[in-house]
>>> print(open('input21.pdb').read())   # PDB, C-alpha atoms
ATOM      1  CA  MET A   6     -44.467 228.113 140.117
ATOM      2  CA  LYS A   7     -43.512 231.755 139.999
ATOM      3  CA  TRP A   8     -46.211 234.374 140.558
ATOM      4  CA  VAL A   9     -44.026 237.459 140.185
ATOM      5  CA  ASN A  10     -44.670 239.812 137.246
ATOM      6  CA  PHE A  11     -47.852 238.087 136.086
ATOM      7  CA  GLY A  12     -49.694 241.396 136.356
ATOM      8  CA  VAL A  13     -47.164 242.881 133.950
ATOM      9  CA  PHE A  14     -47.625 240.039 131.472
ATOM     10  CA  LEU A  15     -51.426 240.303 131.688
ATOM     11  CA  SER A  16     -51.338 244.069 131.148
ATOM     12  CA  VAL A  17     -49.142 243.658 128.076
ATOM     13  CA  PHE A  18     -51.433 241.030 126.582
ATOM     14  CA  ILE A  19     -54.515 243.181 127.198
ATOM     15  CA  LEU A  20     -52.890 246.199 125.577
ATOM     16  CA  MET A  21     -51.707 244.093 122.660
ATOM     17  CA  ALA A  22     -55.177 242.678 122.095
ATOM     18  CA  GLY A  23     -56.578 246.191 121.951
ATOM     19  CA  CYS A  24     -54.501 246.907 118.819
ATOM     20  CA  GLN A  25     -55.765 244.244 116.518
ATOM     21  CA  ASP A  26     -56.205 243.249 112.928
ATOM     22  CA  ASN A  27     -58.631 240.364 113.258
ATOM     23  CA  THR A  28     -60.584 237.790 111.334
ATOM     24  CA  ILE A  29     -64.013 236.430 112.265
ATOM     25  CA  HIS A  30     -64.896 232.797 111.607
ATOM     26  CA  PRO A  31     -68.496 231.569 111.310
ATOM     27  CA  GLY A  32     -70.455 230.112 114.220
ATOM     28  CA  ARG A  33     -73.891 229.859 115.803
ATOM     29  CA  GLN A  34     -75.601 231.772 118.598
ATOM     30  CA  VAL A  35     -78.068 231.042 121.374
ATOM     31  CA  ALA A  36     -81.313 233.006 121.689
ATOM     32  CA  PRO A  37     -84.315 232.869 124.025
ATOM     33  CA  ASN A  38     -87.930 232.661 122.898
ATOM     34  CA  LYS A  39     -88.672 235.622 120.627
ATOM     35  CA  LYS A  40     -92.326 235.712 121.676
ATOM     36  CA  THR A  41     -91.457 236.346 125.340
ATOM     37  CA  PHE A  42     -88.443 238.636 124.884
ATOM     38  CA  PRO A  43     -89.221 242.312 125.627
ATOM     39  CA  GLU A  44     -88.759 244.602 122.654
ATOM     40  CA  PHE A  45     -87.181 247.455 124.641
ATOM     41  CA  LEU A  46     -84.085 245.361 125.421
ATOM     42  CA  SER A  47     -83.032 245.139 121.776
ATOM     43  CA  GLY A  48     -80.329 247.594 120.763
ATOM     44  CA  THR A  49     -76.819 248.580 121.812
ATOM     45  CA  TRP A  50     -76.033 248.927 125.509
ATOM     46  CA  ARG A  51     -72.749 250.593 126.464
ATOM     47  CA  GLY A  52     -71.088 250.235 129.851
ATOM     48  CA  ASP A  53     -69.412 253.003 131.848
ATOM     49  CA  ASN A  54     -66.509 250.769 132.848
ATOM     50  CA  MET A  55     -63.928 248.479 131.202
ATOM     51  CA  GLY A  56     -65.095 249.204 127.635
ATOM     52  CA  TRP A  57     -68.188 246.996 127.858
ATOM     53  CA  GLU A  58     -70.781 246.952 125.070
ATOM     54  CA  LEU A  59     -73.655 244.564 124.329
ATOM     55  CA  VAL A  60     -75.591 244.327 121.070
ATOM     56  CA  ILE A  61     -78.943 242.620 121.673
ATOM     57  CA  GLU A  62     -81.135 241.597 118.742
ATOM     58  CA  PRO A  63     -84.967 241.794 118.686
ATOM     59  CA  ASN A  64     -85.167 238.005 118.973
ATOM     60  CA  GLY A  65     -83.213 238.125 122.241
ATOM     61  CA  SER A  66     -79.878 236.894 120.908
ATOM     62  CA  ILE A  67     -76.632 238.724 121.646
ATOM     63  CA  SER A  68     -75.030 239.276 118.262
ATOM     64  CA  SER A  69     -71.816 240.744 119.658
ATOM     65  CA  ALA A  70     -70.197 242.062 122.810
ATOM     66  CA  VAL A  71     -67.128 244.140 123.561
ATOM     67  CA  VAL A  72     -65.667 242.306 126.550
ATOM     68  CA  ALA A  73     -63.352 243.707 129.196
ATOM     69  CA  PHE A  74     -60.381 241.480 128.334
ATOM     70  CA  GLY A  75     -58.567 243.465 125.652
ATOM     71  CA  GLN A  76     -61.784 245.437 125.052
ATOM     72  CA  THR A  77     -62.296 243.092 122.146
ATOM     73  CA  ARG A  78     -65.522 242.690 120.171
ATOM     74  CA  MET A  79     -66.566 239.051 120.116
ATOM     75  CA  GLU A  80     -69.435 237.128 118.536
ATOM     76  CA  PRO A  81     -70.962 233.967 120.032
ATOM     77  CA  ASN A  82     -69.339 230.688 119.053
ATOM     78  CA  LYS A  83     -66.888 232.389 116.733
ATOM     79  CA  LYS A  84     -63.127 232.623 116.662
ATOM     80  CA  LYS A  85     -61.225 235.879 116.321
ATOM     81  CA  ASP A  86     -57.590 235.997 115.236
ATOM     82  CA  ILE A  87     -55.532 238.718 116.914
ATOM     83  CA  GLN A  88     -52.536 240.499 115.409
ATOM     84  CA  GLY A  89     -50.743 242.807 117.830
ATOM     85  CA  LYS A  90     -47.812 245.167 117.742
ATOM     86  CA  GLY A  91     -44.274 243.832 117.953
ATOM     87  CA  GLY A  92     -45.049 240.538 116.229
ATOM     88  CA  GLY A  93     -47.493 239.269 118.839
ATOM     89  CA  HIS A  94     -50.464 237.219 117.750
ATOM     90  CA  GLY A  95     -53.143 234.950 119.098
ATOM     91  CA  ALA A  96     -56.802 233.986 119.002
ATOM     92  CA  TYR A  97     -59.942 234.129 121.112
ATOM     93  CA  GLU A  98     -62.731 231.606 120.689
ATOM     94  CA  ALA A  99     -66.092 232.490 122.170
ATOM     95  CA  GLY A 100     -68.684 230.059 123.447
ATOM     96  CA  ASP A 101     -72.390 230.660 124.019
ATOM     97  CA  PHE A 102     -73.760 234.124 124.790
ATOM     98  CA  VAL A 103     -76.975 233.611 126.775
ATOM     99  CA  ILE A 104     -79.458 236.170 128.081
ATOM    100  CA  GLU A 105     -82.339 235.712 130.529
ATOM    101  CA  TYR A 106     -84.841 238.356 131.666
ATOM    102  CA  ASP A 107     -87.280 238.326 134.578
ATOM    103  CA  THR A 108     -90.090 240.687 133.542
ATOM    104  CA  GLU A 109     -91.687 240.780 136.987
ATOM    105  CA  ASN A 110     -88.536 241.970 138.802
ATOM    106  CA  ARG A 111     -86.844 243.660 135.802
ATOM    107  CA  GLU A 112     -83.780 241.515 136.434
ATOM    108  CA  ILE A 113     -81.434 240.545 133.619
ATOM    109  CA  THR A 114     -78.725 237.887 133.551
ATOM    110  CA  ILE A 115     -76.205 237.515 130.738
ATOM    111  CA  SER A 116     -73.433 234.939 130.469
ATOM    112  CA  LEU A 117     -70.559 235.267 128.012
ATOM    113  CA  GLU A 118     -67.859 232.678 127.541
ATOM    114  CA  LEU A 119     -64.373 232.997 126.075
ATOM    115  CA  LYS A 120     -63.661 229.310 126.127
ATOM    116  CA  ASP A 121     -60.245 229.325 124.478
ATOM    117  CA  ILE A 122     -57.744 232.183 124.723
ATOM    118  CA  TYR A 123     -54.250 232.026 123.278
ATOM    119  CA  MET A 124     -51.828 234.935 123.037
ATOM    120  CA  TYR A 125     -48.179 234.825 122.007
ATOM    121  CA  MET A 126     -45.416 237.373 122.341
ATOM    122  CA  VAL A 127     -41.670 236.924 121.961
ATOM    123  CA  GLU A 128     -41.071 236.418 125.677
ATOM    124  CA  ALA A 129     -44.385 234.972 126.887
ATOM    125  CA  GLU A 130     -47.492 232.967 126.044
ATOM    126  CA  LEU A 131     -50.941 233.159 127.643
ATOM    127  CA  LYS A 132     -53.497 230.338 127.540
ATOM    128  CA  GLY A 133     -56.816 229.747 129.242
ATOM    129  CA  SER A 134     -60.438 230.833 129.433
ATOM    130  CA  ILE A 135     -62.663 233.558 130.870
ATOM    131  CA  GLU A 136     -66.356 233.538 131.753
ATOM    132  CA  TYR A 137     -68.409 236.653 132.427
ATOM    133  CA  LEU A 138     -71.690 236.710 134.338
ATOM    134  CA  ILE A 139     -73.580 240.009 134.131
ATOM    135  CA  SER A 140     -76.405 240.411 136.645
ATOM    136  CA  GLY A 141     -78.428 243.596 136.938
ATOM    137  CA  THR A 142     -81.700 245.456 137.208
ATOM    138  CA  VAL A 143     -83.295 247.413 134.370
ATOM    139  CA  SER A 144     -84.395 250.925 135.331
ATOM    140  CA  GLU A 145     -88.092 251.816 135.326
ATOM    141  CA  ASP A 146     -87.593 254.046 132.275
ATOM    142  CA  GLN A 147     -85.886 251.094 130.516
ATOM    143  CA  LYS A 148     -82.828 253.165 129.597
ATOM    144  CA  THR A 149     -80.152 251.748 131.904
ATOM    145  CA  ILE A 150     -79.062 248.476 133.491
ATOM    146  CA  ASP A 151     -77.388 248.726 136.885
ATOM    147  CA  ALA A 152     -75.239 245.602 136.820
ATOM    148  CA  GLU A 153     -72.384 243.733 138.395
ATOM    149  CA  VAL A 154     -69.993 241.773 136.183
ATOM    150  CA  LEU A 155     -68.471 238.663 137.721
ATOM    151  CA  THR A 156     -65.302 237.631 135.899
ATOM    152  CA  SER A 157     -64.048 234.064 136.293
ATOM    153  CA  MET A 158     -60.524 233.742 134.923
ATOM    154  CA  ASN A 159     -58.476 230.616 134.396
ATOM    155  CA  LEU A 160     -55.337 231.857 132.666
ATOM    156  CA  ALA A 161     -51.848 230.399 132.639
ATOM    157  CA  TYR A 162     -48.767 232.186 131.386
ATOM    158  CA  PHE A 163     -45.643 230.634 129.997
ATOM    159  CA  THR A 164     -42.100 231.977 129.633
ATOM    160  CA  PRO A 165     -39.147 230.653 127.597
ATOM    161  CA  THR A 166     -36.795 228.073 129.039
ATOM    162  CA  GLU A 167     -33.086 228.081 128.327
ATOM    163  CA  GLU A 168     -33.577 225.129 125.998
ATOM    164  CA  THR A 169     -34.627 225.415 122.380
ATOM    165  CA  SER A 170     -35.948 222.902 119.890
ATOM    166  CA  SER A 171     -32.922 221.333 118.215
ATOM    167  CA  SER A 172     -34.752 220.752 114.931
ATOM    168  CA  GLU A 173     -36.023 224.283 114.322
ATOM    169  CA  GLY A 174     -34.272 226.410 116.905
ATOM    170  CA  LYS A 175     -37.599 227.521 118.378
ATOM    171  CA  LYS A 176     -37.969 228.592 121.969
ATOM    172  CA  LYS A 177     -39.476 226.188 124.434
ATOM    173  CA  PHE A 178     -41.948 227.563 126.953
ATOM    174  CA  GLU A 179     -42.821 226.385 130.442
ATOM    175  CA  GLN A 180     -45.694 227.428 132.675
ATOM    176  CA  THR A 181     -44.462 229.950 135.229
ATOM    177  CA  GLY A 182     -47.704 231.319 136.650
ATOM    178  CA  MET A 183     -51.453 230.995 136.944
ATOM    179  CA  PHE A 184     -54.185 233.564 137.375
ATOM    180  CA  GLN A 185     -57.453 232.436 138.911
ATOM    181  CA  ASN A 186     -60.066 234.359 140.861
ATOM    182  CA  ARG A 187     -60.069 233.871 144.591
ATOM    183  CA  GLU A 188     -63.349 233.765 146.486
ATOM    184  CA  GLY A 189     -64.953 237.208 146.653
ATOM    185  CA  GLU A 190     -62.827 238.630 143.822
ATOM    186  CA  GLY A 191     -63.657 239.445 140.242
ATOM    187  CA  THR A 192     -66.864 241.512 140.586
ATOM    188  CA  THR A 193     -67.042 244.945 138.945
ATOM    189  CA  PRO A 194     -69.998 247.374 138.926
ATOM    190  CA  VAL A 195     -71.004 248.486 135.430
ATOM    191  CA  LEU A 196     -73.856 250.804 134.455
ATOM    192  CA  PHE A 197     -75.107 249.978 130.954
ATOM    193  CA  THR A 198     -76.905 252.734 129.032
ATOM    194  CA  LYS A 199     -78.929 252.130 125.892
ATOM    195  CA  VAL A 200     -77.372 254.101 123.063
ATOM    196  CA  THR A 201     -79.181 252.768 119.972
ATOM    197  CA  ASP A 202     -82.289 250.809 119.081
ATOM    198  CA  GLU A 203     -82.193 247.895 116.674
TER     199      GLU A 203
END
>>> encode(input="input21.pdb", output="structure tokens")
Amino acid sequence: MKWVNFGVFLSVFILMAGCQDNTIHPGRQVAPNKKTFPEFLSGTWRGDNMGWELVIEPNGSISSAVVAFGQTRMEPNKKKDIQGKGGGHGAYEAGDFVIEYDTENREITISLELKDIYMYMVEAELKGSIEYLISGTVSEDQKTIDAEVLTSMNLAYFTPTEETSSSEGKKKFEQTGMFQNREGEGTTPVLFTKVTDE
């Protein structure tokens, strides 16, 4: 497999996803026990890095999140269709968004799953999944979360072969690269600040 130029492909896909005309499809969400979820955590929390944003409901569910990949707003267990510039298109499908909070140590853990990613441009396709694990400590004044975001990527990219489909004249693609985190990679510090209450 070729590994050259994957960074270029990934950058193009991320930029394309940031310019989107999208459609949301219905789904369900996962929430903890409302009786034990602290009220101060509900609201919108905005990160200082990579465009992150979390919207936490009073019942402890995460209703939406702007994730780092494409800085795209996703909702749990919903699919979003992406329309980019230059004829590119694709779709993200989210999995569960789960939040846990340790009241004694003020420690919060959030997991977000993009279980199915597909992006298409004229000269490349991208397929795979991404999982985010956000681990942090809530400040004593309950206004910030000092967190680290662990990103686990499993993305393959495909480029056209010289052959085309004889029936429709469409390009055929073959896998020419793979992007996966190596051990010790993929962790980014993010400071979340509460910007609104729900």
>>> axis_aligned_box(input="input21.pdb", around="stretch 67-86 of chain A", padding_each_side="8 Å", output="JSON")
{"center_x": -67.1, "center_y": 238.1, "center_z": 122.2, "size_x": 35.0, "size_y": 30.7, "size_z": 30.0}
>>> residues_around(input="input21.pdb", residues="A:Tyr137", least_positions_apart="4", cutoff="8 Å", atoms="all atoms listed in the file", output="PyMOL selection string")
chain A and resi 116-118+154-157
>>> closest_residue(input="input21.pdb", among="A:Leu119, A:Ile67, A:Ile113, A:Leu131", to="A:Asp151", atoms="only C-alpha atoms")
A:Ile113
>>> closest_residue(input="input21.pdb", among="A:Gln147, A:Gln88, A:Asn159, A:Thr114", to="A:Ser134", atoms="all atoms listed in the file")
A:Asn159
>>> atom_distance(input="input21.pdb", atom1="atom CA of A:Val195", atom2="atom CA of A:Asp121")
24.6 Å
>>> atom_distance(input="input21.pdb", atom1="atom CA of A:Pro81", atom2="atom CA of A:Gly93")
24.1 Å
>>> atom_distance(input="input21.pdb", atom1="atom CA of A:Tyr123", atom2="atom CA of A:Lys84")
11.1 Å
